[in-house]
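Following: one structure in structure tokens, then a few remarks.
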Amino acid sequence: MNLKPLKDRVVAKVEKPAEKTSSGLLLPSDSKEKPAFAVVKSVGSEVKDIKPGDKIIYKEYSTTPVKLDGEEYLIVEEKDILATL
């Protein structure tokens, strides 16, 4: 991936929603919740507390979606990251 974020931004890859419940029931595509967490792929030069590989929870409506080489990524400002897992 050649997507390098600037300053206080983070590039993250959204994880796929669950295909089935913890008890093994298959979920139809329209009932899946949109995930609000992703895995960090790269960080900008001014990001202090996040590093590549961290799993983050972010504000869902404050991201910029990017599609690169058939993969979907998000660009998120560090202030819009709520927590790490």
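The chains in the structure tokens are called A, B, ... from first to last as shown; in each chain the residues are counted from 1, and the ligands are counted from 1 in the order shown.
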
For this session: Name the residues in contact with A:Asn2 at a cut-off of 12 Å, using only C-alpha atoms, excluding same-chain residues fewer than 4 positions from it; report them as a PyMOL selection string.
Result: chain A and resi 11+41-42+68-69+73

Problem set entry | Test item: residues at most 10 Å from A:Tyr61, only C-alpha atoms, excluding those fewer than 2 positions along its chain, as a PyMOL selection string | chain A and resi 36+58-59+63-64+80

Exercise. Given the choices A:Lys13, A:Leu25, A:Thr84, A:Phe37, which gets closest to A:Pro65 if the distance is worked out from only C-alpha atoms?
Worked result: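 Among the listed residues, the smallest separation from A:Pro65 belongs to A:Lys13.
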
For this session: Can you work out the spacing between atom CA of A:Gly24 and atom CA of A:Ala38 in Å, to one decimal?
Result: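 Interatomic distance, atom CA of A:Gly24 to atom CA of A:Ala38: 23.1 Å.
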
For this session: May I have the residues within 10 Å of A:Val47 as a ChimeraX atom specification, using only C-alpha atoms and disregarding those fewer than 5 positions away in the same chain?
Result: /A:5-10,77-79

Would you output that residue set with C-alpha atoms, as a short mmCIF file (atom, residue, chain, number, x, y, z; two decimals), in the first residue's frame?
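That gives us result.cif:
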```
data_model
loop_
_atom_site.label_atom_id
_atom_site.label_comp_id
_atom_site.auth_asym_id
_atom_site.auth_seq_id
_atom_site.Cartn_x
_atom_site.Cartn_y
_atom_site.Cartn_z
CA PRO A 5 -1.35 9.93 5.58
CA LEU A 6 -0.32 13.49 6.36
CA LYS A 7 0.12 15.12 9.76
CA ASP A 8 -2.43 13.84 12.33
CA ARG A 9 -4.24 11.37 10.09
CA VAL A 10 -4.37 7.58 10.11
CA GLU A 77 -8.03 12.17 12.00
CA GLU A 78 -6.41 11.18 15.28
CA LYS A 79 -8.95 13.26 17.24
#
```

Exercise. Using only C-alpha atoms, which residue out of A:Leu85, A:Gly70, A:Gly44, A:Lys51 lies closest to A:Leu3?
Worked result: A:Gly44

Exercise. So how far away is atom CA of A:Val66 from atom CA of A:Glu46, in Å?
Worked result: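 According to the coordinates, atom CA of A:Glu46 and atom CA of A:Val66 are separated by 20.9 Å.
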